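Next comes work.txt, a file with compact mmCIF, C-alpha atoms and all ligand atoms.
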```
# COMPACT_ATOMS: atom_id res chain seq x y z
CA MET A 1 0.00 0.00 0.00
CA PRO A 2 1.73 3.25 -1.07
CA SER A 3 2.07 6.06 1.45
CA LYS A 4 -0.40 8.93 0.96
CA PHE A 5 2.65 11.25 1.12
CA GLY A 6 4.63 10.57 -2.02
CA THR A 7 8.37 10.93 -2.52
CA PRO A 8 10.16 10.99 -5.90
CA THR A 9 11.55 7.47 -5.32
CA ASP A 10 8.05 5.93 -5.24
CA PRO A 11 7.43 3.94 -8.47
CA ASP A 12 4.13 5.69 -9.25
CA TYR A 13 5.25 9.16 -8.06
CA LEU A 14 5.17 10.97 -11.39
CA GLU A 15 1.73 9.66 -12.28
CA ARG A 16 0.27 10.61 -8.90
CA LEU A 17 2.03 13.97 -8.95
CA ALA A 18 0.46 14.77 -12.33
CA GLU A 19 -2.97 13.84 -10.94
CA PHE A 20 -2.37 15.96 -7.80
CA GLU A 21 -1.22 18.96 -9.84
CA ALA A 22 -4.21 18.65 -12.17
CA ARG A 23 -6.51 18.77 -9.11
CA VAL A 24 -4.75 21.91 -7.87
CA THR A 25 -5.02 23.50 -11.31
CA ARG A 26 -8.76 22.73 -11.40
CA GLY A 27 -9.10 24.60 -8.08
CA GLU A 28 -10.07 21.47 -6.10
CA LYS A 29 -9.19 21.39 -2.41
CA ILE A 30 -6.69 18.78 -1.26
CA GLU A 31 -8.08 17.13 1.88
CA PRO A 32 -6.45 15.13 4.72
CA GLY A 33 -6.07 11.54 3.58
CA ASP A 34 -5.71 12.52 -0.10
CA TRP A 35 -2.43 11.66 -1.79
CA MET A 36 0.00 14.58 -1.75
CA PRO A 37 3.74 15.00 -2.34
CA GLU A 38 5.73 14.79 0.89
CA GLU A 39 7.24 18.20 0.05
CA TYR A 40 3.73 19.75 -0.09
CA ARG A 41 2.99 18.25 3.34
CA ARG A 42 6.32 19.50 4.74
CA GLN A 43 5.79 23.02 3.44
CA LEU A 44 2.26 23.15 4.85
CA VAL A 45 3.35 21.89 8.28
CA ARG A 46 6.11 24.52 8.30
CA MET A 47 3.83 27.36 7.31
CA ILE A 48 0.71 26.44 9.28
CA SER A 49 2.64 25.71 12.49
CA GLN A 50 4.57 28.99 12.16
CA HIS A 51 1.25 30.72 11.65
CA ALA A 52 -0.26 29.00 14.74
CA HIS A 53 2.76 29.99 16.86
CA SER A 54 2.42 33.57 15.59
CA GLU A 55 -1.19 33.76 16.77
CA VAL A 56 -0.26 32.44 20.22
CA VAL A 57 2.86 34.59 20.65
CA GLY A 58 0.85 37.44 19.12
CA MET A 59 -1.36 37.47 22.24
CA LEU A 60 1.57 38.74 24.32
CA PRO A 61 2.17 42.31 23.06
CA GLU A 62 -1.51 43.21 23.36
CA GLY A 63 -2.23 41.03 26.41
CA ALA A 64 0.29 43.16 28.30
CA TRP A 65 -2.17 46.10 28.07
CA ILE A 66 -5.39 44.42 29.23
CA GLY A 67 -4.85 45.60 32.80
CA ARG A 68 -4.08 49.16 31.66
CA ALA A 69 -6.88 49.76 29.14
CA PRO A 70 -8.21 53.32 29.50
CA SER A 71 -11.91 52.35 29.76
CA LEU A 72 -14.13 49.34 30.36
CA LYS A 73 -15.23 49.39 26.70
CA ARG A 74 -11.63 49.31 25.44
CA LYS A 75 -10.74 46.60 27.96
CA MET A 76 -13.64 44.39 26.77
CA ILE A 77 -12.67 44.86 23.13
CA LEU A 78 -9.04 44.03 23.87
CA ILE A 79 -9.90 40.93 25.92
CA ALA A 80 -12.14 39.70 23.06
CA LYS A 81 -9.37 40.34 20.53
CA VAL A 82 -6.67 38.55 22.51
CA GLN A 83 -9.05 35.63 23.11
CA ASP A 84 -9.73 35.49 19.36
CA GLU A 85 -6.00 35.13 18.70
CA ALA A 86 -5.90 32.11 21.04
CA GLY A 87 -8.79 30.62 19.06
CA HIS A 88 -6.92 31.24 15.80
CA GLY A 89 -3.96 29.36 17.22
CA GLN A 90 -6.32 26.43 17.99
CA TYR A 91 -7.81 26.32 14.47
CA LEU A 92 -4.32 26.40 12.98
CA TYR A 93 -2.77 23.75 15.24
CA HIS A 94 -5.75 21.53 14.34
CA ALA A 95 -5.20 22.20 10.63
CA ALA A 96 -1.51 21.25 10.98
CA GLU A 97 -2.42 18.10 12.95
CA THR A 98 -4.37 16.82 9.92
CA LEU A 99 -0.96 16.51 8.22
CA GLY A 100 0.33 14.00 10.75
CA VAL A 101 2.25 16.25 13.13
CA SER A 102 1.34 16.29 16.82
CA ARG A 103 0.45 19.35 18.89
CA GLU A 104 3.19 18.43 21.36
CA GLU A 105 5.85 18.26 18.61
CA MET A 106 4.84 21.71 17.37
CA LEU A 107 4.78 23.19 20.88
CA GLN A 108 8.18 21.74 21.71
CA ALA A 109 9.59 23.25 18.51
CA LEU A 110 8.30 26.66 19.60
CA LEU A 111 9.41 26.37 23.23
CA SER A 112 12.92 25.21 22.29
CA GLY A 113 13.34 28.21 20.00
CA LYS A 114 13.62 25.95 16.92
CA ALA A 115 10.35 27.04 15.29
CA LYS A 116 9.83 30.44 13.68
CA TYR A 117 6.92 32.74 14.37
CA SER A 118 6.12 36.12 12.87
CA SER A 119 8.85 38.74 13.25
CA ILE A 120 6.24 41.39 14.09
CA PHE A 121 5.59 40.06 17.59
CA ASN A 122 9.17 40.68 18.68
CA TYR A 123 8.55 44.42 18.99
CA PRO A 124 7.42 46.03 22.26
CA THR A 125 4.08 47.73 22.95
CA LEU A 126 5.24 50.94 24.63
CA THR A 127 1.99 52.95 24.90
CA TRP A 128 -1.75 52.41 24.59
CA ALA A 129 -1.60 53.84 21.05
CA ASP A 130 0.39 50.73 20.08
CA ILE A 131 -2.74 48.66 20.70
CA GLY A 132 -4.77 50.57 18.10
CA THR A 133 -1.80 50.55 15.74
CA ILE A 134 -1.43 46.76 15.98
CA GLY A 135 -5.11 46.42 15.05
CA TRP A 136 -4.81 48.80 12.12
CA LEU A 137 -1.42 47.80 10.71
CA VAL A 138 -0.65 44.28 11.96
CA ASP A 139 -4.16 42.90 11.56
CA GLY A 140 -4.41 44.91 8.34
CA ALA A 141 -1.31 43.18 6.95
CA ALA A 142 -2.45 39.80 8.32
CA ILE A 143 -5.84 40.15 6.58
CA LYS A 144 -4.23 40.85 3.20
CA ASN A 145 -2.03 37.77 3.59
CA GLN A 146 -4.78 35.56 5.00
CA THR A 147 -7.41 36.52 2.41
CA MET A 148 -4.92 35.28 -0.14
CA LEU A 149 -4.44 32.05 1.88
CA ALA A 150 -8.22 31.53 2.16
CA GLY A 151 -7.99 30.53 -1.50
CA CYS A 152 -5.16 28.03 -0.88
CA SER A 153 -5.27 24.47 -2.12
CA TYR A 154 -5.25 22.70 1.27
CA GLY A 155 -8.84 22.43 2.52
CA PRO A 156 -8.34 22.64 6.32
CA TYR A 157 -6.00 25.66 6.04
CA SER A 158 -8.24 27.42 3.56
CA ARG A 159 -11.33 26.96 5.76
CA ALA A 160 -9.46 28.09 8.89
CA MET A 161 -8.47 31.26 7.01
CA VAL A 162 -12.07 32.07 6.11
CA ARG A 163 -13.10 31.98 9.79
CA ILE A 164 -10.00 33.82 10.96
CA CYS A 165 -10.33 36.62 8.41
CA ALA A 166 -13.88 37.35 9.58
CA GLU A 167 -12.57 37.95 13.10
CA GLU A 168 -9.49 39.84 11.95
CA THR A 169 -11.76 42.27 10.15
CA PHE A 170 -13.26 43.28 13.49
CA HIS A 171 -9.74 43.62 14.94
CA HIS A 172 -8.69 45.80 12.06
CA LYS A 173 -11.70 48.11 12.33
CA GLN A 174 -11.38 48.65 16.06
CA GLY A 175 -7.67 49.48 15.67
CA LYS A 176 -8.28 51.91 12.83
CA GLU A 177 -11.06 53.64 14.76
CA MET A 178 -8.84 53.97 17.83
CA VAL A 179 -5.86 55.47 15.98
CA MET A 180 -8.10 57.82 13.97
CA LEU A 181 -9.66 59.11 17.19
CA TYR A 182 -6.20 59.71 18.66
CA ALA A 183 -5.14 61.47 15.46
CA LYS A 184 -8.00 63.94 16.02
CA GLY A 185 -7.49 64.12 19.79
CA SER A 186 -5.27 66.14 22.13
CA ALA A 187 -1.68 67.03 21.23
CA LEU A 188 -0.45 64.19 23.46
CA GLN A 189 -2.81 61.67 21.85
CA ARG A 190 -1.69 62.74 18.36
CA GLN A 191 1.92 62.41 19.42
CA MET A 192 1.29 58.91 20.83
CA ALA A 193 -0.48 57.81 17.64
CA GLN A 194 2.29 59.20 15.43
CA ASP A 195 5.01 57.59 17.51
CA ALA A 196 3.23 54.22 17.34
CA ILE A 197 2.76 54.46 13.54
CA ASN A 198 6.44 55.41 13.17
CA ARG A 199 7.54 52.31 15.11
CA TRP A 200 5.12 49.75 13.57
CA TRP A 201 5.06 50.79 9.89
CA TRP A 202 8.31 49.17 8.78
CA PRO A 203 7.90 45.96 10.84
CA ALA A 204 4.37 45.63 9.34
CA LEU A 205 5.86 45.76 5.82
CA MET A 206 8.50 43.21 6.84
CA MET A 207 6.00 40.76 8.31
CA LEU A 208 4.72 39.99 4.81
CA GLY A 209 8.02 38.24 4.07
CA PRO A 210 11.15 38.98 2.01
CA HIS A 211 10.99 40.37 -1.52
CA ASP A 212 9.91 37.81 -4.13
CA SER A 213 13.47 37.61 -5.47
CA ASP A 214 14.63 36.53 -1.99
CA SER A 215 11.80 34.14 -1.07
CA PRO A 216 13.01 30.53 -1.44
CA ASN A 217 9.67 28.89 -0.57
CA SER A 218 7.45 30.91 -2.90
CA GLY A 219 8.13 28.91 -6.10
CA MET A 220 6.86 25.61 -4.76
CA LEU A 221 4.06 27.15 -2.68
CA THR A 222 2.77 29.02 -5.72
CA LYS A 223 3.05 26.03 -8.04
CA TRP A 224 0.99 23.91 -5.62
CA GLY A 225 -1.63 26.58 -4.98
CA VAL A 226 -0.76 27.37 -1.35
CA LYS A 227 0.28 30.94 -2.07
CA THR A 228 -2.03 32.54 -4.60
CA LYS A 229 -0.20 35.90 -4.48
CA SER A 230 3.46 36.71 -3.95
CA ASN A 231 4.92 38.45 -0.86
CA ASP A 232 5.49 41.69 -2.81
CA THR A 233 1.99 41.65 -4.32
CA VAL A 234 0.40 41.30 -0.88
CA ARG A 235 2.70 44.03 0.51
CA GLN A 236 1.68 46.34 -2.33
CA GLU A 237 -2.01 45.73 -1.60
CA PHE A 238 -1.38 46.53 2.07
CA ILE A 239 0.43 49.79 1.30
CA ASN A 240 -2.11 50.86 -1.32
CA GLU A 241 -4.92 50.59 1.24
CA HIS A 242 -3.17 51.83 4.37
CA ALA A 243 -0.82 54.60 3.25
CA PRO A 244 -3.55 56.94 1.91
CA GLU A 245 -5.80 56.25 4.91
CA ILE A 246 -3.07 57.03 7.44
CA LEU A 247 -2.09 60.20 5.58
CA ALA A 248 -5.75 61.24 5.33
CA SER A 249 -6.09 60.85 9.12
CA GLY A 250 -3.49 63.62 9.50
CA LEU A 251 -0.62 61.33 10.49
CA THR A 252 2.60 60.84 8.53
CA LEU A 253 4.55 57.73 7.55
CA PRO A 254 8.24 57.26 8.38
CA ASP A 255 9.30 56.80 4.75
CA PRO A 256 10.66 59.86 2.88
CA ASP A 257 10.52 57.91 -0.40
CA LEU A 258 6.84 56.99 -0.14
CA HIS A 259 4.88 58.29 -3.12
CA GLN A 260 2.05 57.32 -5.41
CA ASP A 261 2.96 56.38 -8.97
CA ALA A 262 0.92 57.24 -12.03
CA ASP A 263 -0.35 53.62 -12.08
CA GLY A 264 -1.97 54.25 -8.68
CA ASN A 265 0.46 52.13 -6.66
CA TRP A 266 2.11 53.62 -3.57
CA ARG A 267 5.86 53.00 -3.75
CA HIS A 268 7.92 52.53 -0.59
CA GLY A 269 11.59 53.20 0.12
CA PRO A 270 14.15 50.48 0.93
CA ILE A 271 13.20 48.02 3.67
CA ASN A 272 15.85 47.26 6.29
CA TRP A 273 16.19 43.52 5.69
CA ASP A 274 19.18 43.32 8.06
CA GLU A 275 16.80 44.24 10.86
CA PHE A 276 14.29 41.61 9.63
CA ARG A 277 16.94 38.88 9.52
CA ALA A 278 18.19 39.78 13.01
CA VAL A 279 14.64 39.59 14.42
CA VAL A 280 13.93 36.26 12.69
CA LYS A 281 17.22 34.86 14.04
CA GLY A 282 16.13 35.65 17.60
CA ASN A 283 17.85 39.00 18.10
CA GLY A 284 14.88 41.36 17.97
CA PRO A 285 13.94 43.71 20.81
CA MET A 286 11.56 41.23 22.50
CA ASN A 287 12.47 37.72 21.26
CA LYS A 288 13.88 36.60 24.61
CA GLU A 289 10.88 37.88 26.61
CA ARG A 290 8.36 36.35 24.19
CA LEU A 291 9.93 32.90 24.35
CA GLU A 292 10.29 33.05 28.13
CA ALA A 293 6.63 34.02 28.48
CA ARG A 294 5.52 31.01 26.40
CA GLN A 295 7.85 28.68 28.36
CA LYS A 296 6.46 30.00 31.65
CA ALA A 297 2.85 29.56 30.48
CA TYR A 298 3.61 25.99 29.37
CA ALA A 299 5.24 25.13 32.72
CA GLU A 300 2.38 26.69 34.68
CA GLY A 301 -0.15 24.72 32.63
CA ALA A 302 1.44 21.36 33.55
CA TRP A 303 -1.19 20.65 36.22
CA VAL A 304 -3.99 21.10 33.66
CA ARG A 305 -2.38 18.60 31.28
CA GLU A 306 -1.82 16.14 34.15
CA ALA A 307 -5.43 16.50 35.34
CA LEU A 308 -6.75 15.88 31.83
CA GLU A 309 -4.54 12.82 31.37
CA ALA A 310 -5.65 11.45 34.76
CA TYR A 311 -9.30 12.07 33.84
CA ALA A 312 -8.89 10.32 30.48
CA ALA A 313 -7.17 7.34 32.14
CA ARG A 314 -9.88 7.14 34.82
CA LYS A 315 -12.64 7.28 32.22
CA LYS A 316 -11.13 4.27 30.45
CA GLN A 317 -11.35 2.26 33.73
CA ILE A 318 -15.03 3.02 34.39
CA PRO A 319 -17.18 0.19 32.96
CA VAL A 320 -19.78 1.40 30.48
CA ALA A 321 -23.32 0.75 31.79
CA VAL A 322 -25.50 -1.34 29.47
N1 LIG A 401 8.63 36.37 10.38
O1 LIG A 401 10.41 31.95 1.43
P1 LIG A 401 9.73 32.97 2.32
C1 LIG A 401 -1.13 37.68 12.62
C2 LIG A 401 10.82 33.32 6.92
S1 LIG A 401 -0.58 36.20 12.00
C3 LIG A 401 9.44 35.31 10.57
O2 LIG A 401 9.10 34.14 1.65
P2 LIG A 401 7.18 31.90 2.96
C4 LIG A 401 -2.44 37.67 13.33
C5 LIG A 401 10.13 32.12 6.32
O3 LIG A 401 9.50 31.34 7.32
C6 LIG A 401 1.03 36.59 11.34
N2 LIG A 401 9.93 34.57 9.55
O4 LIG A 401 8.68 32.23 3.26
C7 LIG A 401 -2.36 38.52 14.52
C8 LIG A 401 11.27 31.41 5.62
O5 LIG A 401 12.05 30.66 6.54
P3 LIG A 401 11.93 29.03 6.65
C9 LIG A 401 1.65 35.38 10.80
C10 LIG A 401 9.56 34.92 8.31
O6 LIG A 401 6.70 30.99 3.99
C11 LIG A 401 -2.51 39.89 14.42
C12 LIG A 401 12.16 32.57 5.20
O7 LIG A 401 11.79 33.69 5.98
N3 LIG A 401 1.08 35.03 9.52
O8 LIG A 401 -0.46 38.62 12.46
C13 LIG A 401 8.70 35.99 8.05
O9 LIG A 401 7.04 31.49 1.53
C14 LIG A 401 -2.43 40.69 15.55
C15 LIG A 401 12.03 32.88 3.71
O10 LIG A 401 10.77 33.50 3.42
C16 LIG A 401 1.42 33.90 8.91
O11 LIG A 401 2.19 33.12 9.39
C17 LIG A 401 8.23 36.71 9.14
N4 LIG A 401 7.42 37.77 9.00
O12 LIG A 401 6.43 33.32 3.08
C18 LIG A 401 -2.15 37.96 15.78
C19 LIG A 401 0.70 33.64 7.61
N5 LIG A 401 8.54 36.09 6.71
O13 LIG A 401 10.58 28.73 7.26
C20 LIG A 401 -2.07 38.76 16.93
C21 LIG A 401 1.14 32.37 6.95
C22 LIG A 401 9.28 35.11 6.15
O14 LIG A 401 12.04 28.48 5.25
C23 LIG A 401 -2.22 40.14 16.81
N6 LIG A 401 2.48 32.47 6.40
N7 LIG A 401 9.90 34.41 7.12
O15 LIG A 401 13.06 28.64 7.56
C24 LIG A 401 2.75 33.00 5.20
O16 LIG A 401 1.89 33.48 4.47
C25 LIG A 401 4.18 32.92 4.73
O17 LIG A 401 4.86 32.02 5.57
C26 LIG A 401 4.93 34.28 4.73
C27 LIG A 401 6.39 34.01 4.32
C28 LIG A 401 4.33 35.21 3.68
C29 LIG A 401 4.90 34.94 6.10
```
As structure tokens, please, write out the structure in this file.
Amino acid sequence: MPSKFGTPTDPDYLERLAEFEARVTRGEKIEPGDWMPEEYRRQLVRMISQHAHSEVVGMLPEGAWIGRAPSLKRKMILIAKVQDEAGHGQYLYHAAETLGVSREEMLQALLSGKAKYSSIFNYPTLTWADIGTIGWLVDGAAIKNQTMLAGCSYGPYSRAMVRICAEETFHHKQGKEMVMLYAKGSALQRQMAQDAINRWWWPALMMLGPHDSDSPNSGMLTKWGVKTKSNDTVRQEFINEHAPEILASGLTLPDPDLHQDADGNWRHGPINWDEFRAVVKGNGPMNKERLEARQKAYAEGAWVREALEAYAARKKQIPVAV
């Protein structure tokens, strides 16, 4: 019986690969249990688990402000948002599990520092205006990327993206509303909003990944229908929507080269990829704190895992009444 994950040494690999690629071309979803190339599975596990880790680590910068929200309304919105991110992590870990990787393996990869997660969450949240800015810029960038992934060829990932994008849209709107209010507020509020935009703009552009010419995974992901748009295309869509809105709100962007071309596209200046690479390698402003916070949460949750295991073992021993 051939494995459902095919490798080039399998005798029927080329035939099955052609069938798989024809399905992708026809826009069919590949489902768990369907035959797929091992490299497709590996790429999906890499990407979906990184995405899941990003949602979970992404709770930390905003979670830090729940206790300091300026009003009950803002606190409730923020709690709901952070809770949504935990839910997104759950959908995504489940989607990755359908590819034969265990939750524990993925968590251990994160906790040991082996797994990547989004660069954006290694920046600090210094003021309350950062919370609105994360909603507007970070969720704004995430939505552009995730709307593209909602059309991806792997069924469980695509469906998770549809649900996640609906919630991210609420996150995006509340962030935009908050920053726009600050932009029209007191001198101090305007200053806070501007400072937050200045600090998050470039990292938000970076979070959409390296330029297409420097993106080793894009070729295969595009060929097999996982990525339906390139990193630069998604980044351009993000800038085209957000740059004019931020400028119209009376704030500025920290890019002297930013301008709109005759074709309507907003062009940005050079991105500091050295900074991006340093953050991805673990040397960003908050990498150490983020990892330590996840390790602490995992250690403190040990009693919950033990209780659940004990409950499951006990349930097995109880005879079923007939
Ligand atoms: N950070 O060949 P490519 C969110 C790595 S969710 C760290 O272009 P690919 C919600 C990449 O892994 C945000 N590493 O890679 C929220 C690869 O290394 P590898 C997360 C990055 O996969 C909002 C190498 O660089 N979203 O924000 C990053 O084709 C607010 C070469 O790059 C997702 O994960 C990065 N930014 O394209 C939560 C979406 N970019 O693995 C809380 C799913 C690249 O080969 C609050 N992922 N690298 O060793 C994707 O769409 C893709 O993975 C990209 C990168 C587009 C991020």
| query | For the atom pair atom P1 of ligand LIG 401 (chain A) and atom CA of Leu221 of chain A, what is the interatomic distance in Å to one decimal place? | reply |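 These atoms are spaced 9.5 Å apart.
Every residue within 8 Å of the file position (-5.6, 28.3, -5.0), judged by only C-alpha atoms, is given as Val24, Thr25, Gly27, Leu149, Gly151, Cys152, Ser153, Trp224, Gly225, Val226, Lys227 and Thr228 of chain A.
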Open item on the list: Please compute the atom O3 of ligand LIG 401 (chain A)-atom CA of Leu258 of chain A distance, one decimal, in Å.
Closed with: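 Interatomic distance, atom O3 of ligand LIG 401 (chain A) to atom CA of Leu258 of chain A: 26.8 Å.
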Cut-off 6 Å: closest chain A/ligand LIG 401 (chain A) atom pairs per residue, using all atoms listed in the file, as a tab-separated table:
```
residue	atom	partner	partner_atom	distance
A:Met47	CA	A:LIG401	O17	5.1
A:Gln50	CA	A:LIG401	O11	5.5
A:His51	CA	A:LIG401	O11	3.4
A:Ser54	CA	A:LIG401	C9	5.2
A:Glu55	CA	A:LIG401	C18	4.4
A:Gly58	CA	A:LIG401	C20	3.9
A:Met59	CA	A:LIG401	C20	5.5
A:Glu85	CA	A:LIG401	C18	5.6
A:Lys116	CA	A:LIG401	C3	5.8
A:Tyr117	CA	A:LIG401	C3	5.2
A:Ser118	CA	A:LIG401	N1	3.5
A:Ser119	CA	A:LIG401	N1	3.7
A:Val138	CA	A:LIG401	C11	5.4
A:Asp139	CA	A:LIG401	C11	4.5
A:Ala142	CA	A:LIG401	O8	4.7
A:Asn145	CA	A:LIG401	O16	5.9
A:Met206	CA	A:LIG401	N4	6.0
A:Met207	CA	A:LIG401	N4	3.4
A:Leu208	CA	A:LIG401	C28	4.9
A:Gly209	CA	A:LIG401	N5	3.4
A:Pro210	CA	A:LIG401	O2	5.3
A:Ser215	CA	A:LIG401	O1	3.6
A:Pro216	CA	A:LIG401	O1	4.1
A:Asn217	CA	A:LIG401	O1	3.7
A:Ser218	CA	A:LIG401	O9	4.5
A:Asn231	CA	A:LIG401	C28	5.6
A:Val280	CA	A:LIG401	C3	5.1
```
### Query
Nearest to Ile77 of chain A: which of A:Gln174, A:Gln43, A:Gln108, A:Thr169 is it, counting only C-alpha atoms?
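Nearest candidate to Ile77 of chain A out of A:Gln174, A:Gln43, A:Gln108, A:Thr169: A:Gln174.
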Do a neighbour search on segment 266-271 of chain A at 8 Å with all atoms listed in the file, toss out local chain neighbours closer than 3 positions, and write the hits as JSON, numbers by chain. {"A": [202, 205, 206, 236, 239, 240, 243, 255, 256, 257, 258, 259, 260, 261]}
(1.5, 8.8, -8.7) in this file's frame - what residues fall within 12 Å of it? Use only C-alpha atoms and give the answer as a PyMOL selection string.
chain A and resi 2-22+34-37
Quick one: residues within 12 Å of Ser102 of chain A, only C-alpha atoms counted, chain neighbours fewer than 6 positions away excluded, as JSON, numbers by chain? {"A": [45, 49, 93, 94, 95, 96, 108, 109]}
- Query: A:Leu251, A:Cys165, A:Ile48, A:Ala204: which is nearest Tyr123 of chain A, counting only C-alpha atoms?
  - Reply: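 Checking each candidate against Tyr123 of chain A, we get A:Ala204 as the closest.
Atom CA of Val234 of chain A lies 23.2 Å from atom CA of Arg26 of chain A.
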Using only C-alpha atoms, the best pick from A:Tyr91, A:Arg305, A:Met148, A:Thr125 as closest to Ser230 of chain A would be A:Met148
Across A:Lys29, A:Arg314, A:Arg235, A:Arg199, the smallest distance to Ile143 of chain A, with only C-alpha atoms counted, is shown by A:Arg235
ask   = With distances taken over all atoms listed in the file, which of A:Met192, A:Leu44, A:Leu111, A:Met286 is nearest to Gly155 of chain A?
value =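 Checking each candidate against Gly155 of chain A, we get A:Leu44 as the closest.
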Measuring between only C-alpha atoms, which one of A:Ala115, A:Glu31, A:His211, A:Tyr157 shows the shortest distance to Asp232 of chain A?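 Nearest to Asp232 of chain A: A:His211.
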Neighbouring residues of segment 293-297 of chain A were defined as those with any atom within 12 Å, considering only C-alpha atoms; residues of the same chain fewer than 2 positions away were excluded. Please report them as a PDB file with C-alpha atoms, in the coordinates of the input.
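Contents of the output file selection.pdb:
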```pdb
ATOM      1  CA  HIS A  53       2.760  29.990  16.860  1.00  0.00           C
ATOM      2  CA  SER A  54       2.420  33.570  15.590  1.00  0.00           C
ATOM      3  CA  VAL A  56      -0.260  32.440  20.220  1.00  0.00           C
ATOM      4  CA  VAL A  57       2.860  34.590  20.650  1.00  0.00           C
ATOM      5  CA  GLY A  58       0.850  37.440  19.120  1.00  0.00           C
ATOM      6  CA  MET A  59      -1.360  37.470  22.240  1.00  0.00           C
ATOM      7  CA  LEU A  60       1.570  38.740  24.320  1.00  0.00           C
ATOM      8  CA  PRO A  61       2.170  42.310  23.060  1.00  0.00           C
ATOM      9  CA  GLY A  63      -2.230  41.030  26.410  1.00  0.00           C
ATOM     10  CA  ALA A  64       0.290  43.160  28.300  1.00  0.00           C
ATOM     11  CA  LEU A 107       4.780  23.190  20.880  1.00  0.00           C
ATOM     12  CA  GLN A 108       8.180  21.740  21.710  1.00  0.00           C
ATOM     13  CA  ALA A 109       9.590  23.250  18.510  1.00  0.00           C
ATOM     14  CA  LEU A 110       8.300  26.660  19.600  1.00  0.00           C
ATOM     15  CA  LEU A 111       9.410  26.370  23.230  1.00  0.00           C
ATOM     16  CA  SER A 112      12.920  25.210  22.290  1.00  0.00           C
ATOM     17  CA  GLY A 113      13.340  28.210  20.000  1.00  0.00           C
ATOM     18  CA  MET A 286      11.560  41.230  22.500  1.00  0.00           C
ATOM     19  CA  ASN A 287      12.470  37.720  21.260  1.00  0.00           C
ATOM     20  CA  LYS A 288      13.880  36.600  24.610  1.00  0.00           C
ATOM     21  CA  GLU A 289      10.880  37.880  26.610  1.00  0.00           C
ATOM     22  CA  ARG A 290       8.360  36.350  24.190  1.00  0.00           C
ATOM     23  CA  LEU A 291       9.930  32.900  24.350  1.00  0.00           C
ATOM     24  CA  ALA A 299       5.240  25.130  32.720  1.00  0.00           C
ATOM     25  CA  GLU A 300       2.380  26.690  34.680  1.00  0.00           C
ATOM     26  CA  GLY A 301      -0.150  24.720  32.630  1.00  0.00           C
ATOM     27  CA  ALA A 302       1.440  21.360  33.550  1.00  0.00           C
ATOM     28  CA  TRP A 303      -1.190  20.650  36.220  1.00  0.00           C
ATOM     29  CA  VAL A 304      -3.990  21.100  33.660  1.00  0.00           C
TER      30      VAL A 304
END
```
Item to check | Lys184 of chain A surroundings by all atoms listed in the file, 10 Å radius, close-in-sequence under 5 positions cut, as a VMD selection string | outcome: chain A and resid 179 189 to 190 193 249 to 251
